[in-house]
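Trainee: For reference, the file start11.txt (compact mmCIF, C-alpha atoms and all ligand atoms) is included below:
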# COMPACT_ATOMS: atom_id res chain seq x y z
CA MET A 7 107.44 -43.73 -10.19
CA LEU A 8 104.62 -46.27 -9.71
CA GLU A 9 106.58 -47.86 -6.88
CA ASN A 10 104.97 -47.29 -3.50
CA LYS A 11 101.67 -46.36 -5.13
CA ARG A 12 98.53 -48.33 -4.41
CA ILE A 13 96.37 -48.72 -7.50
CA GLY A 14 92.62 -49.30 -7.45
CA LEU A 15 90.82 -50.97 -10.35
CA LEU A 16 87.07 -50.49 -9.84
CA GLY A 17 85.00 -53.09 -11.71
CA ALA A 18 87.05 -56.28 -11.92
CA GLY A 19 86.04 -57.40 -15.43
CA VAL A 20 88.05 -58.23 -18.54
CA MET A 21 89.98 -54.95 -18.85
CA ALA A 22 90.67 -54.57 -15.13
CA GLU A 23 92.20 -58.04 -15.17
CA VAL A 24 94.31 -57.17 -18.23
CA ILE A 25 95.62 -54.04 -16.46
CA ALA A 26 96.25 -55.87 -13.17
CA SER A 27 98.15 -58.62 -15.01
CA GLY A 28 100.24 -56.03 -16.90
CA LEU A 29 101.10 -54.19 -13.69
CA ALA A 30 101.99 -57.41 -11.90
CA ARG A 31 104.14 -58.59 -14.84
CA SER A 32 106.00 -55.27 -14.95
CA LYS A 33 107.01 -55.72 -11.28
CA LEU A 34 106.64 -51.93 -10.89
CA VAL A 35 103.81 -52.60 -8.48
CA GLN A 36 103.48 -55.43 -5.98
CA PRO A 37 100.26 -57.42 -6.56
CA ALA A 38 99.35 -56.70 -2.94
CA ASP A 39 99.30 -52.98 -3.86
CA ILE A 40 96.60 -53.53 -6.47
CA VAL A 41 93.05 -53.31 -5.12
CA MET A 42 90.28 -54.66 -7.36
CA THR A 43 86.57 -54.29 -6.72
CA HIS A 44 83.56 -56.33 -7.70
CA TYR A 45 80.18 -56.96 -6.14
CA ARG A 46 80.72 -60.74 -6.30
CA GLN A 47 83.06 -62.25 -3.75
CA ASP A 48 83.71 -65.33 -5.91
CA ARG A 49 85.15 -63.10 -8.69
CA LEU A 50 87.43 -61.39 -6.16
CA ASP A 51 88.53 -64.74 -4.71
CA GLU A 52 89.41 -65.95 -8.22
CA LEU A 53 91.55 -62.84 -8.90
CA GLN A 54 93.20 -63.02 -5.49
CA ASP A 55 94.15 -66.66 -6.11
CA ARG A 56 95.40 -66.08 -9.66
CA LEU A 57 97.13 -62.68 -9.37
CA GLY A 58 97.70 -62.19 -5.66
CA VAL A 59 95.85 -58.84 -5.72
CA GLU A 60 93.64 -57.53 -2.97
CA GLY A 61 89.87 -57.67 -3.49
CA SER A 62 87.19 -55.40 -2.12
CA LEU A 63 83.41 -55.43 -2.35
CA LYS A 64 83.31 -51.68 -1.74
CA ASN A 65 84.27 -49.11 -4.39
CA ARG A 66 84.40 -46.25 -1.89
CA GLU A 67 86.65 -48.10 0.53
CA ALA A 68 88.99 -49.11 -2.32
CA TYR A 69 89.13 -45.50 -3.57
CA GLU A 70 90.02 -44.22 -0.12
CA ARG A 71 92.97 -46.61 0.12
CA CYS A 72 94.57 -45.86 -3.27
CA HIS A 73 96.79 -43.20 -4.90
CA ILE A 74 95.60 -43.91 -8.46
CA VAL A 75 92.09 -45.21 -9.17
CA VAL A 76 91.06 -46.57 -12.57
CA LEU A 77 87.34 -46.81 -13.32
CA CYS A 78 86.96 -50.07 -15.27
CA VAL A 79 83.17 -50.54 -15.25
CA ARG A 80 81.06 -50.35 -18.39
CA PRO A 81 79.69 -46.88 -19.24
CA GLN A 82 76.18 -47.93 -18.13
CA ALA A 83 77.44 -48.61 -14.56
CA MET A 84 79.58 -45.46 -14.31
CA THR A 85 77.05 -43.17 -12.61
CA THR A 86 76.54 -45.68 -9.78
CA VAL A 87 80.28 -45.95 -9.14
CA LEU A 88 80.86 -42.17 -9.35
CA ASP A 89 78.06 -41.58 -6.83
CA GLU A 90 79.66 -44.10 -4.48
CA ILE A 91 83.08 -42.43 -4.50
CA SER A 92 82.07 -38.77 -4.82
CA PRO A 93 81.58 -38.13 -1.05
CA VAL A 94 85.22 -39.12 -0.36
CA LEU A 95 86.95 -37.54 -3.41
CA ARG A 96 90.44 -36.15 -2.79
CA GLY A 97 92.64 -33.90 -4.92
CA ASP A 98 95.69 -36.07 -4.25
CA VAL A 99 94.15 -39.17 -5.85
CA LEU A 100 94.54 -39.45 -9.63
CA LEU A 101 91.26 -40.65 -11.12
CA VAL A 102 91.37 -42.40 -14.50
CA SER A 103 88.56 -43.87 -16.61
CA ILE A 104 88.83 -46.32 -19.48
CA ALA A 105 85.13 -46.23 -20.37
CA ALA A 106 84.35 -45.75 -24.05
CA GLY A 107 82.21 -42.83 -25.12
CA LEU A 108 82.00 -40.85 -21.87
CA PRO A 109 83.71 -37.44 -22.09
CA ILE A 110 85.71 -35.81 -19.28
CA SER A 111 82.90 -33.24 -18.82
CA PHE A 112 80.53 -36.10 -17.82
CA TYR A 113 82.77 -37.05 -14.86
CA GLU A 114 83.46 -33.44 -13.86
CA ARG A 115 79.78 -32.61 -13.81
CA ARG A 116 78.81 -35.75 -11.89
CA LEU A 117 81.64 -35.43 -9.34
CA GLY A 118 81.37 -31.64 -8.96
CA ARG A 119 84.96 -31.28 -7.69
CA ASP A 120 88.24 -30.06 -9.23
CA ILE A 121 90.32 -33.21 -9.25
CA PRO A 122 93.01 -34.53 -11.60
CA PHE A 123 91.30 -36.78 -14.13
CA VAL A 124 92.50 -38.76 -17.14
CA ARG A 125 90.41 -40.39 -19.84
CA ALA A 126 92.38 -43.35 -21.16
CA MET A 127 91.66 -45.70 -24.02
CA PRO A 128 93.79 -48.84 -23.83
CA THR A 129 93.65 -51.55 -26.47
CA PHE A 130 92.42 -55.10 -26.10
CA PHE A 131 96.03 -56.28 -26.54
CA GLY A 132 97.24 -55.82 -22.98
CA ARG A 133 98.12 -59.49 -22.69
CA ILE A 134 100.73 -59.13 -25.44
CA LYS A 135 101.61 -55.49 -24.61
CA ALA A 136 100.75 -54.33 -28.12
CA GLY A 137 98.82 -51.41 -29.61
CA THR A 138 98.50 -47.82 -28.42
CA THR A 139 96.78 -46.34 -25.38
CA GLY A 140 95.32 -42.88 -26.03
CA LEU A 141 95.14 -40.37 -23.16
CA ALA A 142 93.22 -37.12 -22.68
CA LEU A 143 93.91 -35.18 -19.47
CA ASN A 144 91.81 -32.55 -17.70
CA ARG A 145 93.15 -29.15 -16.66
CA HIS A 146 93.88 -30.22 -13.07
CA THR A 147 96.55 -32.73 -14.05
CA SER A 148 100.30 -32.07 -13.77
CA ALA A 149 103.40 -33.40 -15.54
CA GLU A 150 103.72 -35.90 -12.68
CA HIS A 151 100.20 -37.20 -13.29
CA LEU A 152 101.02 -37.65 -16.97
CA ALA A 153 104.20 -39.54 -16.11
CA LEU A 154 102.30 -41.79 -13.68
CA VAL A 155 99.47 -42.66 -16.03
CA SER A 156 101.87 -43.16 -18.96
CA ARG A 157 103.89 -45.60 -16.88
CA LEU A 158 100.72 -47.42 -15.86
CA PHE A 159 99.48 -47.95 -19.43
CA ASP A 160 102.99 -48.64 -20.63
CA THR A 161 102.61 -52.01 -18.87
CA VAL A 162 99.73 -53.01 -21.19
CA SER A 163 100.54 -51.28 -24.50
CA ALA A 164 103.45 -50.76 -26.87
CA HIS A 165 102.82 -47.00 -27.07
CA VAL A 166 101.05 -44.34 -25.00
CA VAL A 167 100.03 -41.09 -26.71
CA VAL A 168 98.34 -37.93 -25.46
CA MET A 169 95.65 -36.60 -27.79
CA PRO A 170 92.99 -33.87 -27.84
CA GLU A 171 89.83 -35.23 -26.26
CA ASP A 172 87.77 -34.69 -29.40
CA GLU A 173 89.90 -37.30 -31.18
CA ILE A 174 89.53 -40.05 -28.61
CA ASP A 175 86.12 -41.38 -29.74
CA ALA A 176 87.32 -41.89 -33.31
CA PHE A 177 90.57 -43.38 -31.97
CA THR A 178 88.53 -45.80 -29.82
CA THR A 179 85.93 -46.92 -32.31
CA PHE A 180 88.39 -47.19 -35.17
CA GLY A 181 90.71 -49.32 -33.02
CA SER A 182 88.03 -51.63 -31.66
CA THR A 183 86.23 -52.09 -34.99
CA THR A 184 89.49 -52.77 -36.78
CA THR A 185 90.22 -55.57 -34.32
CA ALA A 186 86.67 -56.94 -34.57
CA THR A 187 86.77 -56.83 -38.38
CA VAL A 188 89.99 -58.83 -38.47
CA TYR A 189 88.50 -61.43 -36.09
CA VAL A 190 85.34 -61.77 -38.23
CA LEU A 191 87.53 -62.03 -41.33
CA LEU A 192 89.76 -64.69 -39.77
CA ASP A 193 86.77 -66.70 -38.64
CA ALA A 194 85.27 -66.60 -42.14
CA LEU A 195 88.61 -67.52 -43.76
CA ILE A 196 89.01 -70.55 -41.48
CA THR A 197 85.56 -71.80 -42.55
CA ALA A 198 86.42 -71.13 -46.20
CA GLY A 199 89.67 -73.08 -45.82
CA SER A 200 87.71 -76.09 -44.55
CA LEU A 201 85.28 -75.75 -47.47
CA VAL A 202 88.09 -75.93 -50.04
CA GLY A 203 89.44 -79.08 -48.40
CA LEU A 204 92.04 -78.01 -45.81
CA ARG A 205 91.97 -79.83 -42.48
CA HIS A 206 90.55 -77.57 -39.74
CA GLN A 207 93.92 -77.08 -37.99
CA ALA A 208 95.69 -76.32 -41.28
CA SER A 209 92.97 -73.87 -42.26
CA HIS A 210 93.25 -72.16 -38.86
CA SER A 211 97.04 -71.77 -38.86
CA ARG A 212 97.28 -70.83 -42.56
CA ALA A 213 94.60 -68.14 -42.22
CA ILE A 214 96.37 -66.57 -39.22
CA GLU A 215 99.77 -66.82 -40.90
CA GLN A 216 98.48 -65.13 -44.06
CA VAL A 217 96.73 -62.29 -42.18
CA VAL A 218 99.81 -61.58 -40.01
CA ALA A 219 102.15 -61.75 -43.03
CA ALA A 220 99.86 -59.52 -45.12
CA ALA A 221 99.91 -56.82 -42.42
CA GLN A 222 103.68 -57.13 -41.90
CA ASN A 223 104.17 -56.85 -45.64
CA VAL A 224 102.33 -53.51 -45.72
CA VAL A 225 104.64 -52.21 -42.98
CA ALA A 226 107.81 -53.56 -44.64
CA SER A 227 107.03 -52.54 -48.22
CA ASP A 228 106.03 -48.88 -47.76
CA LYS A 229 103.29 -49.50 -50.34
CA LEU A 230 99.57 -48.86 -50.03
CA PRO A 231 97.38 -51.95 -49.46
CA SER A 232 95.71 -51.22 -52.82
CA GLN A 233 99.12 -51.40 -54.58
CA LEU A 234 99.90 -54.75 -52.94
CA LEU A 235 96.44 -56.02 -53.87
CA ASP A 236 97.19 -55.08 -57.46
CA GLU A 237 100.47 -56.99 -57.29
CA ILE A 238 98.87 -60.28 -56.15
CA CYS A 239 96.02 -60.06 -58.68
CA THR A 240 97.61 -61.54 -61.81
CA PRO A 241 95.44 -60.55 -64.82
CA GLY A 242 93.25 -63.48 -65.77
CA GLY A 243 94.47 -65.39 -62.70
CA VAL A 244 92.66 -67.01 -59.77
CA THR A 245 93.01 -64.35 -57.02
CA VAL A 246 91.41 -61.62 -59.08
CA GLU A 247 88.30 -63.82 -59.46
CA GLY A 248 87.97 -63.96 -55.68
CA VAL A 249 88.50 -60.20 -55.35
CA LYS A 250 85.79 -59.58 -57.96
CA VAL A 251 83.28 -61.42 -55.77
CA LEU A 252 84.40 -59.49 -52.65
CA GLU A 253 83.76 -56.24 -54.56
CA GLU A 254 80.38 -57.47 -55.87
CA LYS A 255 79.33 -58.38 -52.31
CA ALA A 256 80.43 -54.91 -51.12
CA MET A 257 82.99 -56.11 -48.58
CA ARG A 258 84.80 -52.75 -48.60
CA GLY A 259 81.58 -50.78 -48.04
CA THR A 260 80.47 -53.16 -45.28
CA VAL A 261 83.74 -52.71 -43.40
CA ILE A 262 83.39 -48.92 -43.63
CA GLU A 263 79.78 -49.09 -42.44
CA GLY A 264 80.85 -51.16 -39.42
CA VAL A 265 83.30 -48.47 -38.33
CA LEU A 266 80.67 -45.74 -38.84
CA ALA A 267 78.07 -47.70 -36.82
CA ALA A 268 80.48 -48.09 -33.89
CA THR A 269 81.23 -44.36 -34.00
CA GLU A 270 77.48 -43.64 -33.96
CA ARG A 271 77.09 -45.92 -30.90
CA ALA A 272 79.80 -43.89 -29.10
CA ARG A 273 77.78 -40.76 -29.97
CA ASP A 274 74.63 -42.41 -28.51
CA LEU A 275 76.49 -43.16 -25.27
CA ARG A 276 77.62 -39.53 -25.07
CA ARG A 277 74.07 -38.32 -25.65
CA ALA A 278 72.74 -40.72 -22.98
CA SER A 279 75.35 -39.31 -20.57
CA GLY A 280 73.76 -35.86 -21.07
CA THR A 281 76.94 -34.28 -22.41
CA GLU A 282 75.75 -33.68 -25.96
N1 LIG B 301 86.92 -54.74 -23.74
C1 LIG B 301 87.73 -53.91 -24.40
O1 LIG B 301 88.41 -54.29 -25.37
C2 LIG B 301 87.87 -52.47 -23.94
C3 LIG B 301 88.93 -51.70 -24.44
C4 LIG B 301 89.08 -50.39 -23.97
C5 LIG B 301 88.20 -49.87 -23.04
N2 LIG B 301 87.16 -50.63 -22.60
C6 LIG B 301 86.27 -50.06 -21.58
O2 LIG B 301 86.62 -50.73 -20.38
C7 LIG B 301 85.48 -50.83 -19.54
C8 LIG B 301 85.35 -52.26 -19.07
O3 LIG B 301 85.18 -53.11 -20.19
P1 LIG B 301 85.24 -54.68 -19.99
O4 LIG B 301 85.22 -55.25 -21.35
O5 LIG B 301 86.35 -55.02 -19.04
O6 LIG B 301 83.82 -54.92 -19.28
P2 LIG B 301 83.42 -56.00 -18.18
O7 LIG B 301 84.18 -57.26 -18.39
O8 LIG B 301 81.93 -56.05 -18.15
O9 LIG B 301 83.97 -55.37 -16.81
C9 LIG B 301 83.23 -54.56 -15.94
C10 LIG B 301 83.04 -55.34 -14.65
O10 LIG B 301 82.54 -54.44 -13.66
C11 LIG B 301 81.55 -55.16 -12.92
N3 LIG B 301 80.68 -54.16 -12.27
C12 LIG B 301 79.50 -53.66 -12.71
N4 LIG B 301 79.03 -52.76 -11.81
C13 LIG B 301 79.93 -52.70 -10.80
C14 LIG B 301 80.01 -51.97 -9.59
N5 LIG B 301 79.06 -51.09 -9.24
N6 LIG B 301 81.10 -52.16 -8.80
C15 LIG B 301 82.07 -53.03 -9.14
N7 LIG B 301 82.05 -53.77 -10.26
C16 LIG B 301 81.00 -53.60 -11.09
C17 LIG B 301 80.86 -55.98 -13.98
O11 LIG B 301 80.10 -57.03 -13.42
P3 LIG B 301 78.82 -57.59 -14.28
O12 LIG B 301 79.35 -58.05 -15.59
O13 LIG B 301 78.31 -58.70 -13.42
O14 LIG B 301 77.89 -56.44 -14.42
C18 LIG B 301 82.05 -56.50 -14.77
O15 LIG B 301 82.61 -57.65 -14.19
C19 LIG B 301 84.28 -50.34 -20.34
O16 LIG B 301 83.90 -49.07 -19.88
C20 LIG B 301 84.78 -50.29 -21.77
O17 LIG B 301 84.18 -49.21 -22.48
C21 LIG B 301 87.00 -51.93 -23.01
So that I can check it, write out the structure of this file as structure tokens.
Ligand SMILES: NC(=O)c1ccc[n+]([C@@H]2O[C@H](COP(=O)([O-])OP(=O)(O)OC[C@H]3O[C@@H](n4cnc5c(N)ncnc54)[C@H](OP(=O)(O)O)[C@@H]3O)[C@@H](O)[C@H]2O)c1

Mentor:
Amino acid sequence: MLENKRIGLLGAGVMAEVIASGLARSKLVQPADIVMTHYRQDRLDELQDRLGVEGSLKNREAYERCHIVVLCVRPQAMTTVLDEISPVLRGDVLLVSIAAGLPISFYERRLGRDIPFVRAMPTFFGRIKAGTTGLALNRHTSAEHLALVSRLFDTVSAHVVVMPEDEIDAFTTFGSTTTATVYVLLDALITAGSLVGLRHQASHSRAIEQVVAAAQNVVASDKLPSQLLDEICTPGGVTVEGVKVLEEKAMRGTVIEGVLAATERARDLRRASGTE
């Protein structure tokens, strides 16, 4: 399916590298059939050396040479890239964007052509092929386009799901803020472990082990997190004292506010794109 397809990744940053590595690992695509773009030659040289992909300084030239093109620049740089490729747009090239916050209507308006387009939201976990990629497709896509793009993101995620476009912002911000919250939490726990006398390495590995086990336990037990919390809080015991402080310091409310703030930022990006 992806065999014999040349894939362009425009904007060779973190996510483009994750996707290129996933594709190369899958062996569905030869590294030489992956074209990555950046405006810095040293970044392209580094990727060529490490992954064996092809590098190009020109987005338009890369687009013209590929069957599937994934826009991997940040939302703020999207207009520049779209304006570069729009004079050479073709209906037989599947265009995909992974940018957060920009709706399909933004691309359609800017490009002004009826082309197959997919808005994709992969996770940060491409390196371990975990998490879910969400897809929203425009009306010019076919079953073959869906199969192609599913196969592509299958190389960097455990699951690929198609969803209505109006759900993708919440899917994105909830996913990214959940990950960020866990990283902040882990970082704080490691410091706390050191403060109560664990060696740094022990604090690090025990914090990770506990967070992973706590999440696995929710999956395995079929119980709500609040029920499990109740189970580990022995009345009059030590854990419940810690939980009391977390409640007093409004940890729960702060986590919720973080998710809401990220969702508001996605709304700002949409407004700035002129689509709201
Ligand atoms: N990071 C995540 O976890 C994640 C997850 C899902 C989706 N996304 C989306 O994925 C996209 C990329 O995110 P990222 O974290 O990979 O960002 P990133 O590391 O900044 O990657 C974008 C790259 O594109 C380069 N670039 C900027 N303008 C360019 C141009 N005109 N032509 C070619 N390259 C250009 C940037 O260079 P400079 O840095 O020098 O400007 C940067 O190296 C974003 O739209 C984001 O919303 C990210």

Trainee: In Å, rounded to a single decimal, give me how far atom CA of Ser182 of chain A is from atom CA of Arg145 of chain A.

Mentor: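 About the pair atom CA of Arg145 of chain A and atom CA of Ser182 of chain A: they are 27.5 Å apart.
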
Trainee: Which polymer residues, protein or nucleic acid, are no farther than 12 Å from (91.3, -63.7, -5.9), counting all atoms listed in the file, as a PyMOL selection string?

Mentor: chain A and resi 18+23+26+37-38+40-44+46-63

Trainee: Using only C-alpha atoms and all ligand atoms, which protein or nucleic acid residues are at most 10 Å from ligand LIG 301 (chain B), as an MDAnalysis selection string?

Mentor: chainID A and resid 15:25 42:46 49 62:66 76:90 103:108 126:132 139:140 178:179 181:182 185:186 272

Trainee: I'd like to know which of A:Arg12, A:Lys33, A:His73, A:His210 is closest to Thr161 of chain A, using only C-alpha atoms.

Mentor: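 The shortest atom-to-atom distance to Thr161 of chain A comes from A:Lys33.
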
Trainee: Restricting the calculation to only C-alpha atoms: of A:Ile262, A:Val249, A:Ala176, A:Leu8, which residue gets closest to Glu150 of chain A?

Mentor: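 Distance minimum relative to Glu150 of chain A lands on A:Leu8.
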
Trainee: Measure the distance from atom CA of Thr187 of chain A to atom CA of Ser163 of chain A in Å and round it to one decimal.

Mentor: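 That distance, rounded to one decimal, is 20.3 Å.
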
Trainee: A:Leu235, A:Val261, A:Leu101, A:Ala142: which is nearest Leu191 of chain A, counting all atoms listed in the file?

Mentor: A:Val261

Trainee: So, counting only C-alpha atoms, which residue among A:Gln222, A:Ser200, A:Ser27, A:Asn144 is closest to Asp120 of chain A?

Mentor: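 Once distances to Asp120 of chain A are computed over only C-alpha atoms, the minimum belongs to A:Asn144.
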
Trainee: Mind giving me the straight-line distance from atom CA of Val225 of chain A to atom CA of Glu263 of chain A in Å, one decimal?

Mentor: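 Those two atoms sit 25.1 Å apart.
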
Trainee: Near Thr197 of chain A, counting only C-alpha atoms, which residues have an atom at most 10 Å away, once you skip same-chain residues fewer than 4 positions from it, shown as a list in words?

Mentor: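 Surrounding residues, per the criterion: Leu192, Asp193, Leu201, Val202, Leu204, His206, Ser209, His210 and Ala213 of chain A.
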
Trainee: For Arg71 of chain A, list every protein, DNA or RNA residue within 10 Å, evaluated using only C-alpha atoms, and leave out those in the same chain fewer than 3 positions away; present the list as a ChimeraX atom specification.

Mentor: /A:12-14,39,41,66-68,74-75,99

Trainee: From the set A:Gly248, A:Pro170, A:Gly97, A:Gly137, which residue has the shortest atom-to-atom contact distance to Phe123 of chain A, counting all atoms listed in the file?

Mentor: A:Gly97

Trainee: Tell me which of A:Ile134, A:Met257, A:Val217, A:Val124 sits closest to Leu154 of chain A, counting only C-alpha atoms.

Mentor: A:Val124

Trainee: Quick one: residues within 9 Å of Thr147 of chain A, only C-alpha atoms counted, chain neighbours fewer than 4 positions away excluded, as a PyMOL selection string?

Mentor: chain A and resi 100+121-124+143+151-152

Trainee: Adding 3 Å on each side of the box along x, y and z that holds all listed atoms of segment 229-236 of chain A, could you give its centre and edge lengths in Å to one decimal, as AutoDock Vina command-line options?

Mentor:
--center_x 99.5 --center_y -52.4 --center_z -53.5 --size_x 13.6 --size_y 13.2 --size_z 14.0

Trainee: Working from the structure I just supplied, which lacks atoms in segment 146-155 of chain A, can you model all heavy atoms there and output them as a PDB file, keeping the file's coordinate frame?

Mentor:
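Resulting contents of part_5.pdb:
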ATOM      1  N   HIS A 146      93.332 -30.132 -14.426  1.00  0.00           N
ATOM      2  CA  HIS A 146      93.880 -30.220 -13.070  1.00  0.00           C
ATOM      3  C   HIS A 146      95.028 -31.224 -12.961  1.00  0.00           C
ATOM      4  O   HIS A 146      95.486 -31.528 -11.867  1.00  0.00           O
ATOM      5  CB  HIS A 146      92.767 -30.593 -12.075  1.00  0.00           C
ATOM      6  CG  HIS A 146      91.604 -29.665 -12.163  1.00  0.00           C
ATOM      7  ND1 HIS A 146      91.698 -28.329 -11.849  1.00  0.00           N
ATOM      8  CD2 HIS A 146      90.329 -29.869 -12.573  1.00  0.00           C
ATOM      9  CE1 HIS A 146      90.525 -27.743 -12.053  1.00  0.00           C
ATOM     10  NE2 HIS A 146      89.681 -28.665 -12.494  1.00  0.00           N
ATOM     11  N   THR A 147      95.455 -31.739 -14.081  1.00  0.00           N
ATOM     12  CA  THR A 147      96.550 -32.730 -14.050  1.00  0.00           C
ATOM     13  C   THR A 147      97.896 -32.015 -14.235  1.00  0.00           C
ATOM     14  O   THR A 147      97.976 -30.947 -14.839  1.00  0.00           O
ATOM     15  CB  THR A 147      96.392 -33.764 -15.182  1.00  0.00           C
ATOM     16  OG1 THR A 147      96.110 -33.069 -16.393  1.00  0.00           O
ATOM     17  CG2 THR A 147      95.293 -34.751 -14.891  1.00  0.00           C
ATOM     18  N   SER A 148      98.948 -32.635 -13.696  1.00  0.00           N
ATOM     19  CA  SER A 148     100.300 -32.070 -13.770  1.00  0.00           C
ATOM     20  C   SER A 148     101.185 -32.998 -14.613  1.00  0.00           C
ATOM     21  O   SER A 148     100.756 -34.083 -15.036  1.00  0.00           O
ATOM     22  CB  SER A 148     100.884 -31.998 -12.359  1.00  0.00           C
ATOM     23  OG  SER A 148     100.991 -33.325 -11.855  1.00  0.00           O
ATOM     24  N   ALA A 149     102.433 -32.569 -14.809  1.00  0.00           N
ATOM     25  CA  ALA A 149     103.400 -33.400 -15.540  1.00  0.00           C
ATOM     26  C   ALA A 149     103.608 -34.719 -14.787  1.00  0.00           C
ATOM     27  O   ALA A 149     103.799 -35.776 -15.402  1.00  0.00           O
ATOM     28  CB  ALA A 149     104.715 -32.656 -15.680  1.00  0.00           C
ATOM     29  N   GLU A 150     103.531 -34.663 -13.464  1.00  0.00           N
ATOM     30  CA  GLU A 150     103.720 -35.900 -12.680  1.00  0.00           C
ATOM     31  C   GLU A 150     102.561 -36.879 -12.918  1.00  0.00           C
ATOM     32  O   GLU A 150     102.764 -38.085 -13.051  1.00  0.00           O
ATOM     33  CB  GLU A 150     103.839 -35.567 -11.192  1.00  0.00           C
ATOM     34  CG  GLU A 150     104.302 -36.768 -10.410  1.00  0.00           C
ATOM     35  CD  GLU A 150     104.192 -36.599  -8.900  1.00  0.00           C
ATOM     36  OE1 GLU A 150     104.004 -35.451  -8.445  1.00  0.00           O
ATOM     37  OE2 GLU A 150     104.263 -37.611  -8.195  1.00  0.00           O
ATOM     38  N   HIS A 151     101.353 -36.324 -13.001  1.00  0.00           N
ATOM     39  CA  HIS A 151     100.200 -37.200 -13.290  1.00  0.00           C
ATOM     40  C   HIS A 151     100.367 -37.871 -14.648  1.00  0.00           C
ATOM     41  O   HIS A 151     100.091 -39.056 -14.805  1.00  0.00           O
ATOM     42  CB  HIS A 151      98.892 -36.394 -13.288  1.00  0.00           C
ATOM     43  CG  HIS A 151      98.520 -35.860 -11.943  1.00  0.00           C
ATOM     44  ND1 HIS A 151      98.192 -34.556 -11.713  1.00  0.00           N
ATOM     45  CD2 HIS A 151      98.425 -36.489 -10.742  1.00  0.00           C
ATOM     46  CE1 HIS A 151      97.908 -34.387 -10.437  1.00  0.00           C
ATOM     47  NE2 HIS A 151      98.039 -35.547  -9.821  1.00  0.00           N
ATOM     48  N   LEU A 152     100.830 -37.084 -15.629  1.00  0.00           N
ATOM     49  CA  LEU A 152     101.020 -37.650 -16.970  1.00  0.00           C
ATOM     50  C   LEU A 152     102.065 -38.763 -16.928  1.00  0.00           C
ATOM     51  O   LEU A 152     101.876 -39.831 -17.530  1.00  0.00           O
ATOM     52  CB  LEU A 152     101.447 -36.544 -17.959  1.00  0.00           C
ATOM     53  CG  LEU A 152     101.839 -37.041 -19.348  1.00  0.00           C
ATOM     54  CD1 LEU A 152     100.700 -37.795 -20.018  1.00  0.00           C
ATOM     55  CD2 LEU A 152     102.280 -35.871 -20.237  1.00  0.00           C
ATOM     56  N   ALA A 153     103.143 -38.520 -16.197  1.00  0.00           N
ATOM     57  CA  ALA A 153     104.200 -39.540 -16.110  1.00  0.00           C
ATOM     58  C   ALA A 153     103.656 -40.812 -15.448  1.00  0.00           C
ATOM     59  O   ALA A 153     103.924 -41.934 -15.906  1.00  0.00           O
ATOM     60  CB  ALA A 153     105.385 -38.992 -15.324  1.00  0.00           C
ATOM     61  N   LEU A 154     102.852 -40.630 -14.407  1.00  0.00           N
ATOM     62  CA  LEU A 154     102.300 -41.790 -13.680  1.00  0.00           C
ATOM     63  C   LEU A 154     101.380 -42.622 -14.575  1.00  0.00           C
ATOM     64  O   LEU A 154     101.500 -43.843 -14.667  1.00  0.00           O
ATOM     65  CB  LEU A 154     101.476 -41.312 -12.482  1.00  0.00           C
ATOM     66  CG  LEU A 154     102.201 -41.019 -11.192  1.00  0.00           C
ATOM     67  CD1 LEU A 154     101.234 -40.410 -10.183  1.00  0.00           C
ATOM     68  CD2 LEU A 154     102.827 -42.291 -10.624  1.00  0.00           C
ATOM     69  N   VAL A 155     100.464 -41.932 -15.233  1.00  0.00           N
ATOM     70  CA  VAL A 155      99.470 -42.660 -16.030  1.00  0.00           C
ATOM     71  C   VAL A 155     100.121 -43.265 -17.277  1.00  0.00           C
ATOM     72  O   VAL A 155      99.740 -44.355 -17.727  1.00  0.00           O
ATOM     73  CB  VAL A 155      98.249 -41.742 -16.328  1.00  0.00           C
ATOM     74  CG1 VAL A 155      98.513 -40.797 -17.476  1.00  0.00           C
ATOM     75  CG2 VAL A 155      97.003 -42.534 -16.573  1.00  0.00           C
TER      76      VAL A 155
END
